[in-house]
Amino acid sequence: MQDSEFDRLLAVCRLKLGDSEKAQIKKDIDSILSYFGTIESVDTSKLEPSYHPIEVEERLREDKVEPFENPDALLKGTKTYRFYVVGPEI
Amino acid sequence: MGGAKDSKKQKIEKVNYPKLLRELSKLNDELRFFTVINENVSEGVPFSVKDNLCVKGFESRAGSKILKGYLPPFSATSVERMMNKGFGFLGKTAMDEFGFGSFGVNTDVVAKNPFDDKCVAGGSSSGAAVAASVMKNHVAIAESTGGSISNPASFCGVVGFTPTYGLVSRYGLIDYANSLDKIGIMARSSSMVRETFEIIKGRDGYDSTCVDKKVSALKKKKIVVIDQLMNGVSEEIKSTFQVLLARLENQGYAINHVSFDFIDKAIPAYYIISMSEASTNLAKYDGYKYGMQYGDFTKKYNEFFTNARESFGTEAKRRIVLGTFVRGASVKDKYYTKALKVRTALTNKLAGLMKDSFILSPTMPITAPKIEEARKLSPLQTYAMDALTIPPNLSGFPHVSFPYAYIKGMPVGAQLVTSHFNDYALLDFVSEWEKSFEYQFKHNL
């Protein structure tokens with residue numbers, strides 16, 4: 001993977017790496033992707049993808065309100081304004 | 001154990017918590033297997049919980065700095081079911097960050113092996129395995145994505161059981177890879193595992209992938225050994241495994257060696273799927289909703305988010321990069337979709353082999369390595385260590401690791417796999433095994 005492509009990928013991932021960490025991850029990435037590519041040899045032409053290892057039937061809960069016993073606890077440890085979490089500006 | 005009401009009271013009286021907590025705290029200073037010890041526990045048979053399962057009011061950070069200080073306002077379903085049965089919550093156990101590791105070293109609390117404290121405890125459920133090994137009357141709730149129960153169970157000499165995918169609710173699990181994560185159990189005996197499994201399994205309205213299937217106990221008298229799985233196994237483990245096979249043959253099992261030419265592709269397929277899922281799951285740790293607070297709200301969202309994510313460890317960052325890449329539109333069919341199809345191929349073939357047989361292999365290709373040796377392994381060398389545990393995990397087959405030998409004082413585990421929802425057959429097998437083989441432990445809290 002070219003340096004420019006790797007930098008673009010880091011930007012997509014929203015990751016900023018220090019020099020040594022960047023060198024370490026960059027060093028391994030080509031060999032790992034090459035290893036990943038070996039699955040090409042398995043004949044899967046007649047097979048469907050398995051999104052789950054077992055059959056999972058679609059099962060939804062009834063659409064009804066379930067009050068949470070302690071809503072204040074959900075916001076504990078965060079900066080809040082009234083009952084909202086304060087976050088960075090978009 | 002606390003399964004039946006009448007027997008529970010009798011067992012509760014036997015737990016001397018002040019003594020246990022005192023000894024546990026002392027041993028934890030040496031082996032570092034608990035991240036949090038619940039000093040207030042006073043009754044019930046003790047159980048520990050891997051750090052990636054939420055326990056109400058107790059720091060739950062999945063071994064990561066990015067969740068430092070996170071106190072969940074609820075408990076995972078499996079944890080709540082144990083508490084409702086009267087078990088005593090003892091604390092949170094150490095693990096690789098978000099489960100990303102095979103040796104328990106990808107975190108700030110590195111658990112040490114109870115048989116040799118210079119060696120790893122395995123991973124990612126490192127602390128759970130140590131806890132299961134050192135305490136007589138205790139059960140550990142752990143979790144496996146690609147082998148995180150079998151692997152440390154083998155290195156620490158305990159029984160490690162991973163149920164069929166979907167039998168135990170994942171509600172309250174700090175997820176790694178949703179289609180692979182399975183909550184399981186580690187303990188000193190199959191009977192303790194069985195009683196815990198009875199409590200935590202079963203449908204849960206809070207997890208749409210949790211199934212309520214009948215669990216069978218179909219005994220198989222044939223054992224399949226996949227030749228290719230033995231390729232990377234050390235000579236000393238191969239040798240002890242031959243002795244195990246001979247012993248099982250004497251007990252009436254027919255041993256069949258079979259060839260499975262693409263079983264080695266389970267590893268890359270697993271890592272593609274798990275990294276893809278992990279890279280999206282980790283996007284929710286943004287530095288202000290829960291856990292670590294980055295706090296500098298003068299920065300715009302993208303910069304804030306990017307800076308907050310510096311708290312991830314190197315392996316987590318590597319998996320985010322790779323997982324994001326293989327899901328990219330231009331390469332998705334080559335990697336991600338192909339890996340999902342390889343999973344179908346592997347599941348079909350393994351299911352065929354297990355129609356009338358168990359699959360048996362050593363659990364790990366080596367005994368527990370030294371901590372410093374494990375740190376020096378490259379990512380690909382580390383991933384290769386999962387060669388034996390990944391196939392059943394990728395396909396969601398139930399499996400159990402049980403101790404069967406000791407090499408130079410270090411325990412060695414074998415891994416038995418069966419068809420989906422035939423979980424009890426594994427526990428029956430290990431229960432039979434325990435009648436003729438005595439497990440060894442170095443600590444007896």
# chains A, B, ... in the order shown; residues from 1 in each chain; ligands from 1
>>> interface_residues(of="chain B", to="chain A", cutoff="6 Å", atoms="only C-alpha atoms", output="ChimeraX atom specification")
/B:73,179,208-209,265,268,297,300-301,306,340-341,344,395-396
>>> select_by_dssp(residues="stretch 140-336 of chain B", states="helix (DSSP H, G or I)", output="CSV table (one decimal) with N, CA and C atoms, in the first residue's frame")
chain,number,residue,atom,x,y,z
B,150,SER,N,-11.3,-21.1,24.9
B,150,SER,CA,-10.5,-22.3,24.7
B,150,SER,C,-9.1,-22.0,25.0
B,151,ASN,N,-8.5,-21.0,24.4
B,151,ASN,CA,-7.1,-20.7,24.5
B,151,ASN,C,-6.6,-20.5,25.9
B,152,PRO,N,-7.2,-19.6,26.7
B,152,PRO,CA,-6.7,-19.4,28.1
B,152,PRO,C,-7.1,-20.6,29.0
B,153,ALA,N,-8.2,-21.3,28.6
B,153,ALA,CA,-8.5,-22.5,29.4
B,153,ALA,C,-7.4,-23.5,29.3
B,154,SER,N,-6.9,-23.7,28.0
B,154,SER,CA,-5.8,-24.6,27.8
B,154,SER,C,-4.5,-24.2,28.5
B,155,PHE,N,-4.2,-22.9,28.4
B,155,PHE,CA,-2.9,-22.4,29.1
B,155,PHE,C,-3.0,-22.5,30.6
B,156,CYS,N,-4.2,-22.3,31.2
B,156,CYS,CA,-4.3,-22.3,32.6
B,156,CYS,C,-4.9,-23.6,33.2
B,190,SER,N,-16.5,-29.7,34.7
B,190,SER,CA,-17.6,-29.7,33.8
B,190,SER,C,-19.0,-29.5,34.5
B,191,SER,N,-19.0,-30.0,35.8
B,191,SER,CA,-20.3,-29.9,36.5
B,191,SER,C,-20.6,-28.4,36.8
B,192,MET,N,-19.6,-27.7,37.2
B,192,MET,CA,-19.8,-26.3,37.5
B,192,MET,C,-20.2,-25.5,36.3
B,193,VAL,N,-19.5,-25.9,35.1
B,193,VAL,CA,-19.9,-25.2,33.9
B,193,VAL,C,-21.3,-25.5,33.5
B,194,ARG,N,-21.7,-26.8,33.7
B,194,ARG,CA,-23.1,-27.2,33.3
B,194,ARG,C,-24.2,-26.4,34.1
B,195,GLU,N,-24.0,-26.3,35.4
B,195,GLU,CA,-24.9,-25.6,36.2
B,195,GLU,C,-25.1,-24.1,35.8
B,196,THR,N,-23.9,-23.5,35.5
B,196,THR,CA,-23.9,-22.1,35.1
B,196,THR,C,-24.6,-22.0,33.8
B,197,PHE,N,-24.3,-22.9,32.8
B,197,PHE,CA,-24.9,-22.8,31.5
B,197,PHE,C,-26.5,-22.9,31.6
B,198,GLU,N,-26.9,-23.7,32.5
B,198,GLU,CA,-28.4,-23.8,32.7
B,198,GLU,C,-29.0,-22.5,33.1
B,199,ILE,N,-28.2,-21.7,33.8
B,199,ILE,CA,-28.8,-20.4,34.3
B,199,ILE,C,-28.7,-19.3,33.3
B,200,ILE,N,-27.6,-19.3,32.5
B,200,ILE,CA,-27.4,-18.1,31.7
B,200,ILE,C,-28.0,-18.3,30.2
B,227,ASP,N,-6.3,-33.7,9.8
B,227,ASP,CA,-4.8,-33.8,9.7
B,227,ASP,C,-4.2,-32.4,9.6
B,228,GLN,N,-4.8,-31.6,8.7
B,228,GLN,CA,-4.1,-30.2,8.5
B,228,GLN,C,-4.1,-29.4,9.7
B,229,LEU,N,-5.0,-29.6,10.7
B,229,LEU,CA,-4.9,-28.8,11.9
B,229,LEU,C,-3.7,-29.1,12.7
B,230,MET,N,-3.1,-30.3,12.5
B,230,MET,CA,-1.9,-30.7,13.3
B,230,MET,C,-0.6,-30.1,12.8
B,235,GLU,N,5.9,-30.5,18.5
B,235,GLU,CA,6.1,-32.0,18.6
B,235,GLU,C,5.7,-32.5,20.0
B,236,GLU,N,6.0,-31.8,21.0
B,236,GLU,CA,5.7,-32.3,22.4
B,236,GLU,C,4.2,-32.4,22.6
B,237,ILE,N,3.4,-31.4,22.0
B,237,ILE,CA,2.0,-31.5,22.1
B,237,ILE,C,1.4,-32.6,21.2
B,238,LYS,N,2.0,-32.7,20.0
B,238,LYS,CA,1.5,-33.9,19.1
B,238,LYS,C,1.7,-35.2,19.9
B,239,SER,N,2.8,-35.3,20.6
B,239,SER,CA,3.1,-36.6,21.2
B,239,SER,C,2.1,-36.8,22.4
B,240,THR,N,1.8,-35.8,23.2
B,240,THR,CA,0.8,-36.1,24.2
B,240,THR,C,-0.6,-36.3,23.6
B,241,PHE,N,-0.9,-35.7,22.5
B,241,PHE,CA,-2.2,-35.8,21.9
B,241,PHE,C,-2.4,-37.3,21.4
B,242,GLN,N,-1.3,-37.8,20.9
B,242,GLN,CA,-1.4,-39.3,20.4
B,242,GLN,C,-1.7,-40.2,21.6
B,243,VAL,N,-1.2,-39.8,22.8
B,243,VAL,CA,-1.5,-40.6,24.0
B,243,VAL,C,-3.0,-40.5,24.3
B,244,LEU,N,-3.5,-39.3,24.2
B,244,LEU,CA,-4.9,-39.0,24.4
B,244,LEU,C,-5.8,-39.8,23.5
B,245,LEU,N,-5.4,-39.8,22.2
B,245,LEU,CA,-6.2,-40.6,21.2
B,245,LEU,C,-6.2,-42.1,21.5
B,246,ALA,N,-5.1,-42.6,21.9
B,246,ALA,CA,-5.0,-44.0,22.2
B,246,ALA,C,-5.9,-44.3,23.4
B,247,ARG,N,-5.9,-43.4,24.4
B,247,ARG,CA,-6.7,-43.6,25.6
B,247,ARG,C,-8.2,-43.6,25.2
B,248,LEU,N,-8.6,-42.7,24.4
B,248,LEU,CA,-10.0,-42.6,24.0
B,248,LEU,C,-10.4,-43.9,23.1
B,249,GLU,N,-9.4,-44.3,22.4
B,249,GLU,CA,-9.6,-45.5,21.6
B,249,GLU,C,-9.9,-46.7,22.5
B,250,ASN,N,-9.1,-46.8,23.6
B,250,ASN,CA,-9.3,-47.8,24.6
B,250,ASN,C,-10.7,-47.7,25.2
B,263,ILE,N,-9.1,-25.9,5.4
B,263,ILE,CA,-9.4,-25.5,6.8
B,263,ILE,C,-8.5,-24.3,7.2
B,264,ASP,N,-7.3,-24.2,6.6
B,264,ASP,CA,-6.4,-23.1,7.0
B,264,ASP,C,-7.0,-21.7,6.6
B,265,LYS,N,-7.9,-21.7,5.7
B,265,LYS,CA,-8.5,-20.5,5.2
B,265,LYS,C,-9.5,-19.9,6.3
B,266,ALA,N,-9.8,-20.7,7.3
B,266,ALA,CA,-10.6,-20.2,8.4
B,266,ALA,C,-10.0,-19.0,9.1
B,267,ILE,N,-8.7,-19.0,9.2
B,267,ILE,CA,-8.0,-17.9,9.9
B,267,ILE,C,-8.2,-16.5,9.1
B,268,PRO,N,-7.8,-16.5,7.8
B,268,PRO,CA,-8.0,-15.2,7.2
B,268,PRO,C,-9.5,-14.8,7.1
B,269,ALA,N,-10.3,-15.8,6.8
B,269,ALA,CA,-11.8,-15.4,6.7
B,269,ALA,C,-12.3,-14.9,8.1
B,270,TYR,N,-11.8,-15.5,9.2
B,270,TYR,CA,-12.2,-15.0,10.5
B,270,TYR,C,-11.7,-13.6,10.7
B,271,TYR,N,-10.5,-13.3,10.4
B,271,TYR,CA,-9.9,-12.0,10.7
B,271,TYR,C,-10.6,-10.9,9.9
B,272,ILE,N,-10.9,-11.3,8.6
B,272,ILE,CA,-11.6,-10.3,7.8
B,272,ILE,C,-13.0,-9.9,8.4
B,273,ILE,N,-13.7,-11.0,8.7
B,273,ILE,CA,-15.1,-10.7,9.3
B,273,ILE,C,-15.0,-10.0,10.6
B,274,SER,N,-14.1,-10.5,11.5
B,274,SER,CA,-14.1,-9.9,12.8
B,274,SER,C,-13.5,-8.5,12.8
B,275,MET,N,-12.5,-8.2,12.0
B,275,MET,CA,-12.0,-6.8,11.9
B,275,MET,C,-13.0,-5.9,11.3
B,276,SER,N,-13.8,-6.4,10.3
B,276,SER,CA,-14.8,-5.6,9.6
B,276,SER,C,-15.8,-5.2,10.7
B,277,GLU,N,-16.3,-6.1,11.5
B,277,GLU,CA,-17.3,-5.8,12.5
B,277,GLU,C,-16.8,-5.0,13.6
B,278,ALA,N,-15.5,-5.2,14.0
B,278,ALA,CA,-14.9,-4.5,15.1
B,278,ALA,C,-14.7,-3.0,14.7
B,279,SER,N,-14.3,-2.8,13.4
B,279,SER,CA,-14.0,-1.4,13.0
B,279,SER,C,-15.3,-0.5,13.1
B,280,THR,N,-16.5,-1.1,12.8
B,280,THR,CA,-17.7,-0.3,13.0
B,280,THR,C,-18.1,-0.3,14.5
B,281,ASN,N,-18.0,-1.3,15.2
B,281,ASN,CA,-18.3,-1.3,16.6
B,281,ASN,C,-17.6,-0.3,17.4
B,282,LEU,N,-16.3,-0.1,17.1
B,282,LEU,CA,-15.4,0.8,17.9
B,282,LEU,C,-15.7,2.3,17.6
B,283,ALA,N,-16.6,2.5,16.5
B,283,ALA,CA,-16.9,3.9,16.2
B,283,ALA,C,-17.7,4.6,17.2
B,284,LYS,N,-18.3,3.8,18.1
B,284,LYS,CA,-19.2,4.5,19.1
B,284,LYS,C,-18.4,5.1,20.3
B,301,TYR,N,-16.0,18.4,15.6
B,301,TYR,CA,-16.2,17.0,15.8
B,301,TYR,C,-15.2,16.1,15.2
B,302,ASN,N,-14.8,16.2,14.0
B,302,ASN,CA,-13.8,15.3,13.4
B,302,ASN,C,-12.5,15.3,14.1
B,303,GLU,N,-12.0,16.5,14.5
B,303,GLU,CA,-10.7,16.6,15.2
B,303,GLU,C,-10.9,16.0,16.6
B,304,PHE,N,-12.0,16.3,17.2
B,304,PHE,CA,-12.3,15.8,18.6
B,304,PHE,C,-12.3,14.3,18.6
B,305,PHE,N,-13.1,13.7,17.6
B,305,PHE,CA,-13.2,12.3,17.5
B,305,PHE,C,-11.9,11.6,17.2
B,306,THR,N,-11.1,12.2,16.3
B,306,THR,CA,-9.8,11.6,15.9
B,306,THR,C,-8.9,11.6,17.2
B,307,ASN,N,-8.9,12.8,17.9
B,307,ASN,CA,-8.0,12.8,19.1
B,307,ASN,C,-8.4,11.9,20.1
B,308,ALA,N,-9.7,11.7,20.3
B,308,ALA,CA,-10.2,10.8,21.4
B,308,ALA,C,-9.8,9.3,21.0
B,309,ARG,N,-9.7,9.0,19.8
B,309,ARG,CA,-9.4,7.6,19.4
B,309,ARG,C,-7.9,7.3,19.5
B,310,GLU,N,-7.1,8.3,19.9
B,310,GLU,CA,-5.7,8.0,20.2
B,310,GLU,C,-5.6,7.1,21.4
B,311,SER,N,-6.7,7.1,22.2
B,311,SER,CA,-6.6,6.2,23.4
B,311,SER,C,-6.7,4.7,23.1
B,314,THR,N,-2.5,-0.2,20.1
B,314,THR,CA,-2.0,-0.4,18.7
B,314,THR,C,-2.8,-1.5,18.0
B,315,GLU,N,-3.1,-2.6,18.7
B,315,GLU,CA,-3.8,-3.7,18.0
B,315,GLU,C,-5.2,-3.2,17.6
B,316,ALA,N,-5.9,-2.4,18.4
B,316,ALA,CA,-7.2,-1.9,18.1
B,316,ALA,C,-7.1,-1.0,16.9
B,317,LYS,N,-6.1,-0.2,16.9
B,317,LYS,CA,-5.9,0.7,15.7
B,317,LYS,C,-5.7,-0.1,14.4
B,318,ARG,N,-4.8,-1.1,14.6
B,318,ARG,CA,-4.5,-2.0,13.4
B,318,ARG,C,-5.8,-2.6,12.9
B,319,ARG,N,-6.7,-3.0,13.8
B,319,ARG,CA,-7.9,-3.7,13.3
B,319,ARG,C,-8.9,-2.7,12.7
B,320,ILE,N,-8.9,-1.5,13.3
B,320,ILE,CA,-9.8,-0.5,12.7
B,320,ILE,C,-9.3,-0.2,11.2
B,321,VAL,N,-8.0,0.0,11.0
B,321,VAL,CA,-7.5,0.3,9.7
B,321,VAL,C,-7.8,-0.9,8.7
B,322,LEU,N,-7.5,-2.1,9.1
B,322,LEU,CA,-7.7,-3.2,8.2
B,322,LEU,C,-9.2,-3.5,8.0
B,323,GLY,N,-10.0,-3.4,9.1
B,323,GLY,CA,-11.4,-3.6,9.0
B,323,GLY,C,-12.1,-2.6,8.1
B,324,THR,N,-11.6,-1.4,8.2
B,324,THR,CA,-12.2,-0.3,7.3
B,324,THR,C,-11.8,-0.5,5.9
B,325,PHE,N,-10.6,-0.9,5.7
B,325,PHE,CA,-10.1,-1.2,4.3
B,325,PHE,C,-10.9,-2.3,3.6
B,326,VAL,N,-11.0,-3.4,4.3
B,326,VAL,CA,-11.6,-4.6,3.6
B,326,VAL,C,-13.1,-4.4,3.4
B,333,ASP,N,-16.0,-7.1,-2.3
B,333,ASP,CA,-16.3,-8.5,-2.8
B,333,ASP,C,-15.1,-9.4,-2.6
B,334,LYS,N,-13.9,-8.8,-2.8
B,334,LYS,CA,-12.7,-9.6,-2.7
B,334,LYS,C,-12.5,-10.1,-1.3
B,335,TYR,N,-12.7,-9.3,-0.3
B,335,TYR,CA,-12.4,-9.7,1.1
B,335,TYR,C,-13.6,-10.0,1.9
B,336,TYR,N,-14.5,-9.0,2.2
B,336,TYR,CA,-15.5,-9.2,3.1
B,336,TYR,C,-16.6,-10.2,2.7
>>> atom_distance(atom1="atom CA of A:Asp63", atom2="atom CA of B:Asp207")
14.8 Å
>>> residues_around(residues="B:Gly160", least_positions_apart="6", cutoff="6 Å", atoms="only C-alpha atoms", output="PyMOL selection string")
chain B and resi 149-150+153+185-186+400-401
>>> residues_around(residues="B:Gly122", least_positions_apart="4", cutoff="12 Å", atoms="only C-alpha atoms", output="PyMOL selection string")
chain B and resi 33+94-96+99-106+110-114+126-130+147-158+363-364+366-371+374+382+385-386+411
>>> atom_distance(atom1="atom CA of B:Thr77", atom2="atom CA of B:Arg170")
7.4 Å
